[in-house]
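Text of target_24.txt, listed as compact mmCIF, C-alpha atoms and all ligand atoms:
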# COMPACT_ATOMS: atom_id res chain seq x y z
CA MET A 1 -42.56 -216.11 -17.88
CA THR A 2 -46.11 -216.98 -16.91
CA GLU A 3 -46.29 -219.99 -14.60
CA LEU A 4 -48.62 -222.65 -16.02
CA LEU A 5 -50.68 -223.83 -13.06
CA TYR A 6 -52.22 -226.79 -14.91
CA TYR A 7 -48.82 -228.23 -15.60
CA PRO A 8 -47.59 -230.95 -15.31
CA ALA A 9 -50.44 -232.73 -13.48
CA ASN A 10 -52.99 -230.22 -12.22
CA GLU A 11 -55.64 -230.30 -14.90
CA TYR A 12 -58.77 -230.22 -12.73
CA GLN A 13 -58.35 -226.87 -10.97
CA LYS A 14 -60.90 -224.39 -12.29
CA GLU A 15 -60.13 -221.10 -10.51
CA PHE A 16 -56.99 -219.20 -9.57
CA ASP A 17 -55.62 -215.83 -8.50
CA ALA A 18 -52.93 -213.94 -10.34
CA GLU A 19 -51.35 -210.58 -10.85
CA VAL A 20 -51.50 -208.69 -14.13
CA GLU A 21 -47.96 -208.25 -15.42
CA LYS A 22 -48.65 -206.52 -18.70
CA VAL A 23 -51.57 -204.89 -20.45
CA ASP A 24 -51.81 -204.20 -24.18
CA GLU A 25 -54.85 -201.96 -24.56
CA GLU A 26 -54.60 -201.76 -28.32
CA LYS A 27 -54.47 -205.48 -29.00
CA LYS A 28 -56.67 -206.16 -25.97
CA TYR A 29 -54.60 -208.74 -24.20
CA ILE A 30 -53.07 -209.15 -20.77
CA VAL A 31 -50.17 -211.22 -19.44
CA LEU A 32 -50.55 -212.83 -16.00
CA GLY A 33 -47.92 -213.99 -13.52
CA GLN A 34 -49.57 -217.39 -13.44
CA THR A 35 -52.50 -218.97 -15.24
CA LEU A 36 -54.79 -221.97 -15.55
CA PHE A 37 -55.89 -220.94 -19.04
CA TYR A 38 -54.60 -223.33 -21.67
CA LYS A 39 -53.03 -221.61 -24.65
CA GLU A 40 -53.94 -222.99 -28.06
CA GLY A 41 -51.43 -225.58 -29.19
CA GLY A 42 -50.85 -229.19 -30.16
CA GLY A 43 -54.27 -229.41 -31.80
CA GLN A 44 -56.06 -228.32 -28.63
CA PRO A 45 -58.00 -225.02 -28.67
CA ALA A 46 -57.46 -222.29 -26.08
CA ASP A 47 -59.47 -222.17 -22.89
CA HIS A 48 -62.16 -219.56 -22.50
CA GLY A 49 -63.48 -218.12 -19.24
CA LYS A 50 -63.49 -214.92 -17.25
CA ILE A 51 -61.45 -212.79 -14.91
CA THR A 52 -62.78 -210.52 -12.21
CA TRP A 53 -61.13 -207.93 -10.00
CA GLU A 54 -62.17 -205.26 -7.54
CA SER A 55 -63.49 -202.81 -10.09
CA GLY A 56 -64.21 -204.83 -13.18
CA GLU A 57 -64.59 -208.02 -15.10
CA ALA A 58 -63.75 -209.35 -18.53
CA LYS A 59 -64.19 -212.42 -20.63
CA ILE A 60 -61.19 -214.41 -21.81
CA THR A 61 -61.91 -215.18 -25.45
CA ASP A 62 -58.57 -216.57 -26.61
CA VAL A 63 -55.15 -217.50 -25.24
CA GLN A 64 -52.08 -217.57 -27.46
CA LYS A 65 -48.35 -217.89 -26.93
CA ASP A 66 -46.62 -215.14 -28.84
CA HIS A 67 -43.15 -213.61 -28.46
CA GLY A 68 -42.61 -215.84 -25.42
CA GLU A 69 -45.71 -214.43 -23.71
CA ILE A 70 -48.94 -216.16 -22.78
CA ARG A 71 -51.43 -213.59 -24.05
CA HIS A 72 -54.95 -213.66 -22.63
CA PHE A 73 -57.23 -211.83 -25.05
CA ILE A 74 -60.04 -210.09 -23.25
CA GLU A 75 -63.45 -208.59 -23.91
CA GLY A 76 -64.96 -206.19 -21.39
CA ASP A 77 -63.13 -204.04 -18.85
CA ILE A 78 -59.36 -203.82 -18.93
CA PRO A 79 -57.47 -204.31 -15.65
CA GLU A 80 -54.39 -202.28 -14.83
CA GLU A 81 -50.87 -203.56 -14.59
CA GLY A 82 -50.29 -204.85 -11.06
CA GLU A 83 -54.01 -205.56 -10.52
CA LYS A 84 -54.87 -208.73 -8.60
CA VAL A 85 -57.39 -210.74 -10.61
CA HIS A 86 -59.38 -213.91 -10.07
CA GLY A 87 -59.60 -216.24 -13.04
CA GLU A 88 -62.16 -218.90 -13.80
CA ILE A 89 -61.93 -221.21 -16.79
CA ASP A 90 -64.97 -222.35 -18.75
CA TRP A 91 -64.83 -225.83 -17.32
CA GLU A 92 -67.43 -227.44 -19.55
CA ARG A 93 -65.43 -226.52 -22.62
CA ARG A 94 -62.06 -227.42 -21.09
CA TYR A 95 -63.25 -230.81 -19.78
CA LYS A 96 -64.55 -231.75 -23.23
CA HIS A 97 -61.14 -230.89 -24.65
CA MET A 98 -59.43 -232.98 -21.96
CA LYS A 99 -61.55 -236.00 -22.84
CA MET A 100 -61.14 -235.56 -26.59
CA HIS A 101 -57.39 -235.06 -26.27
CA THR A 102 -57.03 -238.19 -24.13
CA ALA A 103 -59.04 -240.17 -26.68
CA GLN A 104 -56.68 -238.93 -29.38
CA HIS A 105 -53.68 -240.33 -27.46
CA ILE A 106 -55.35 -243.75 -27.23
CA VAL A 107 -56.32 -243.87 -30.90
CA SER A 108 -52.92 -242.62 -32.09
CA LYS A 109 -51.23 -245.36 -30.09
CA GLU A 110 -53.64 -248.11 -31.21
CA VAL A 111 -53.37 -247.20 -34.88
CA LEU A 112 -49.57 -247.08 -34.70
CA ASP A 113 -49.46 -250.55 -33.13
CA GLU A 114 -52.06 -252.15 -35.37
CA TYR A 115 -51.51 -250.42 -38.74
CA ASP A 116 -48.04 -248.90 -38.42
CA ALA A 117 -49.51 -245.49 -39.24
CA SER A 118 -48.31 -242.34 -37.51
CA THR A 119 -50.38 -239.38 -36.44
CA ALA A 120 -49.67 -236.64 -38.98
CA GLY A 121 -51.98 -234.10 -37.37
CA ASN A 122 -54.92 -233.74 -35.03
CA GLN A 123 -57.52 -231.19 -34.05
CA VAL A 124 -59.50 -231.48 -30.84
CA GLY A 125 -62.95 -229.90 -30.63
CA GLU A 126 -65.74 -229.76 -28.09
CA GLU A 127 -68.16 -231.89 -30.09
CA LYS A 128 -65.97 -233.56 -32.70
CA SER A 129 -62.25 -234.21 -33.12
CA ARG A 130 -60.11 -235.47 -35.94
CA ILE A 131 -56.82 -237.26 -36.48
CA ASP A 132 -54.84 -237.64 -39.70
CA PHE A 133 -52.89 -240.87 -40.12
CA GLU A 134 -50.04 -241.56 -42.49
CA PRO A 135 -49.57 -243.87 -44.27
CA ALA A 136 -53.05 -245.30 -43.92
CA GLU A 137 -56.07 -246.54 -45.79
CA PHE A 138 -58.87 -247.82 -43.59
CA ASP A 139 -61.87 -249.86 -44.62
CA ASP A 140 -65.08 -250.28 -42.61
CA GLU A 141 -63.70 -253.27 -40.79
CA ASP A 142 -60.62 -251.30 -39.71
CA LEU A 143 -62.78 -248.49 -38.37
CA GLU A 144 -64.82 -250.96 -36.35
CA LYS A 145 -61.64 -252.44 -34.98
CA ILE A 146 -60.25 -249.01 -34.02
CA GLU A 147 -63.52 -248.24 -32.21
CA GLU A 148 -63.44 -251.56 -30.43
CA MET A 149 -59.81 -251.26 -29.29
CA THR A 150 -60.34 -247.71 -28.07
CA ASN A 151 -63.51 -248.54 -26.16
CA GLU A 152 -61.76 -251.47 -24.49
CA ILE A 153 -59.15 -249.11 -23.06
CA ILE A 154 -61.87 -246.67 -21.99
CA GLU A 155 -63.84 -249.42 -20.25
CA ALA A 156 -60.71 -250.68 -18.49
CA ASP A 157 -60.59 -247.27 -16.72
CA ILE A 158 -56.80 -246.94 -16.90
CA GLU A 159 -55.08 -244.19 -14.93
CA LEU A 160 -52.93 -241.56 -16.59
CA GLN A 161 -49.67 -240.24 -15.19
CA LYS A 162 -48.38 -236.83 -16.16
CA SER A 163 -44.90 -235.81 -15.12
CA GLU A 164 -41.71 -234.16 -16.25
CA VAL A 165 -39.18 -236.59 -17.66
CA ALA A 166 -35.62 -236.00 -18.87
CA ARG A 167 -35.69 -235.57 -22.61
CA ASN A 168 -33.25 -238.39 -23.43
CA LYS A 169 -35.16 -240.81 -21.20
CA LEU A 170 -38.47 -239.92 -22.86
CA GLU A 171 -36.86 -240.23 -26.30
CA ASP A 172 -35.82 -243.78 -25.38
CA GLU A 173 -39.25 -244.70 -24.02
CA THR A 174 -41.41 -243.24 -26.78
CA LYS A 175 -42.22 -245.75 -29.50
CA GLU A 176 -40.80 -244.92 -32.93
CA GLY A 177 -43.42 -243.13 -35.03
CA ARG A 178 -45.56 -242.19 -32.00
CA THR A 179 -44.61 -238.54 -32.17
CA ASN A 180 -42.09 -236.35 -33.90
CA LEU A 181 -39.75 -235.33 -31.11
CA ASP A 182 -37.68 -233.32 -33.58
CA LEU A 183 -40.50 -230.78 -33.69
CA ILE A 184 -39.98 -229.95 -30.02
CA PRO A 185 -37.17 -227.38 -29.67
CA ASP A 186 -33.94 -228.96 -28.37
CA HIS A 187 -33.64 -226.64 -25.38
CA ILE A 188 -36.89 -227.94 -23.86
CA ASP A 189 -35.70 -230.44 -21.27
CA PRO A 190 -37.26 -232.00 -19.23
CA LEU A 191 -40.36 -232.70 -21.30
CA ARG A 192 -43.83 -233.28 -19.99
CA ALA A 193 -44.69 -236.96 -20.41
CA VAL A 194 -48.24 -238.30 -20.57
CA GLU A 195 -48.56 -242.01 -19.79
CA ILE A 196 -51.67 -244.13 -20.07
CA GLY A 197 -50.93 -246.97 -17.65
CA ASP A 198 -48.22 -249.00 -19.34
CA ILE A 199 -50.00 -248.77 -22.69
CA ASP A 200 -48.64 -245.49 -23.98
CA ILE A 201 -46.09 -242.81 -23.22
CA CYS A 202 -45.76 -239.64 -25.24
CA PRO A 203 -44.48 -236.09 -24.76
CA CYS A 204 -47.40 -233.64 -24.74
CA GLY A 205 -48.15 -230.19 -23.37
CA GLY A 206 -51.95 -230.45 -23.54
CA THR A 207 -54.58 -231.24 -20.95
CA HIS A 208 -55.93 -234.74 -20.30
CA VAL A 209 -58.22 -236.57 -17.92
CA ASP A 210 -56.89 -238.64 -14.99
CA SER A 211 -58.47 -241.94 -16.03
CA THR A 212 -59.70 -243.34 -19.34
CA GLY A 213 -63.05 -244.31 -17.78
CA GLU A 214 -64.06 -240.63 -17.89
CA LEU A 215 -64.22 -240.54 -21.67
CA GLY A 216 -67.59 -242.10 -22.56
CA GLU A 217 -68.15 -244.17 -25.66
CA PHE A 218 -65.80 -243.55 -28.57
CA LYS A 219 -67.40 -243.46 -32.00
CA ILE A 220 -65.94 -242.74 -35.43
CA VAL A 221 -68.37 -240.57 -37.41
CA ASP A 222 -66.41 -239.91 -40.59
CA ARG A 223 -63.43 -241.11 -42.57
CA ARG A 224 -61.95 -239.47 -45.61
CA SER A 225 -58.86 -239.53 -47.72
CA LYS A 226 -56.66 -236.43 -47.40
CA GLY A 227 -54.16 -237.10 -50.16
CA ALA A 228 -52.31 -240.16 -51.37
CA ASP A 229 -51.36 -241.77 -48.07
CA VAL A 230 -53.26 -239.77 -45.49
CA GLU A 231 -56.53 -240.83 -43.89
CA ARG A 232 -58.56 -238.57 -41.63
CA ILE A 233 -60.94 -239.97 -39.06
CA GLU A 234 -63.45 -237.86 -37.17
CA PHE A 235 -64.76 -239.02 -33.84
CA VAL A 236 -67.12 -238.15 -31.02
CA LEU A 237 -67.43 -239.23 -27.40
CA GLU A 238 -70.97 -240.17 -26.38
ZN ZN B 1 -51.81 -234.80 -25.10

Could you rewrite the structure in this file as structure tokens?
Ligand SMILES: [Zn+2]
Amino acid sequence: MTELLYYPANEYQKEFDAEVEKVDEEKKYIVLGQTLFYKEGGGQPADHGKITWESGEAKITDVQKDHGEIRHFIEGDIPEEGEKVHGEIDWERRYKHMKMHTAQHIVSKEVLDEYDASTAGNQVGEEKSRIDFEPAEFDDEDLEKIEEMTNEIIEADIELQKSEVARNKLEDETKEGRTNLDLIPDHIDPLRAVEIGDIDICPCGGTHVDSTGELGEFKIVDRRSKGADVERIEFVLE
């Protein structure tokens, strides 16, 4: 099992050393003993970056969890099993994802409180992100209100806490409708909890900033209906 070095609260480290535990030359991926590279999941894309070692270097173009392995897909040279490599994540890309993902937590919480709508799905991007709410139907005034509420939390520069919490405790503390805990396999205990001050608590395996003040101005750029009861909003951080 690859140790996840960014977890549960080390999301700002950009470089690391690791040993190659497995190489698949045909599919062009490697498995490392430990990693800072985020694997795609929970609506957050994989980290990109590079690895270097004594006699070569390669780009990391994708990271996926498959068959219980964290597979780093590479382009360039291929290291050997047992090789000591140095990894460096594409920080610009990752930091944008951290900010977007944190914004998504805030908006999901605000919309649940204000409109009783749950987050049915979300996709974080570098430039734009989206969240689907259900059941929901927003008018222009609602969108303005969502922007306003979110920017208030950003301006208040509220600290986040990320820690491992016993599953039953987190189940008790998470507001009904905030997330679907049933989707997380039962054997995963403790869970990683992400708290935004005393505003929100939610289980999440993604990466986030340390304080909401890092996000910049939140702006909704699109809203559309995605079926009878589902509304999608798209947002940017300026
Ligand atoms: Zn998250």

So that I can check the surroundings of stretch 73-77 of chain A, please list as a ChimeraX atom specification every protein, DNA and RNA residue that reaches within 8 Å of it, counting all atoms listed in the file and ignoring chain neighbours fewer than 3 positions away.
/A:27-30,56-63

Would you name the residues within 8 Å of ligand ZN 1 (chain B), counting only C-alpha atoms and all ligand atoms, and put them as a PyMOL selection string?
chain A and resi 42+101-102+104-105+194+202-208

Leaving out A:Glu3 and any residue of its chain fewer than 4 positions from it, which residues lie within 12 Å of it when counting all atoms listed in the file, given as number ranges by chain?
A: 7-8, 16-19, 21, 31-38, 69-70

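Of the residues under consideration (A:Gln161, A:Asn10, A:Thr179, A:Thr174), A:Gln161 shows the shortest atom-to-atom contact distance to A:Ile196 when counting all atoms listed in the file.
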
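If only C-alpha atoms are the atoms counted, then among A:Asn122, A:Thr212, A:Asn168, A:Ser129 the closest residue to A:Phe235 is A:Ser129.
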
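Using all atoms listed in the file, the nearest neighbour of A:Leu237 within the list A:Pro185, A:Gly49, A:Gly87, A:Gly213 is A:Gly213.
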
Between atom CA of A:Glu114 and atom CA of A:Ser225, measure the distance and give it in Å to one decimal.
18.9 Å

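For the atom pair formed by atom CA of A:Pro45 and atom CA of A:Lys14, the distance is 16.6 Å, given to one decimal.
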
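Residues lying within 7 Å of A:Val230, counting all atoms listed in the file and ignoring same-chain neighbours fewer than 6 positions away, are Asp132, Phe133, Glu134, Pro135 and Ala136 of chain A.
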
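With only C-alpha atoms as the atoms that count, the residue of A:Ile233, A:Ile106, A:Met100, A:Val165 with the shortest distance to A:Ile188 is A:Val165.
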
For A:Glu173: contacts at 8 Å, only C-alpha atoms, fewer than 3 positions along chain excluded, given as a PyMOL selection string
chain A and resi 169-170+201

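With all atoms listed in the file as the atoms that count, the minimum distance from A:Thr119 to the choices A:Asp139, A:Asp47, A:Glu26, A:Glu176 is reached by A:Glu176.
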
If I put a ball of radius 12 Å at (-61.4, -239.9, -25.4) in the file's coordinates, which residues poke into it when counting all atoms listed in the file, written as a PyMOL selection string?
chain A and resi 95-108+124-130+147+150-155+157-158+196+207-220+235-238
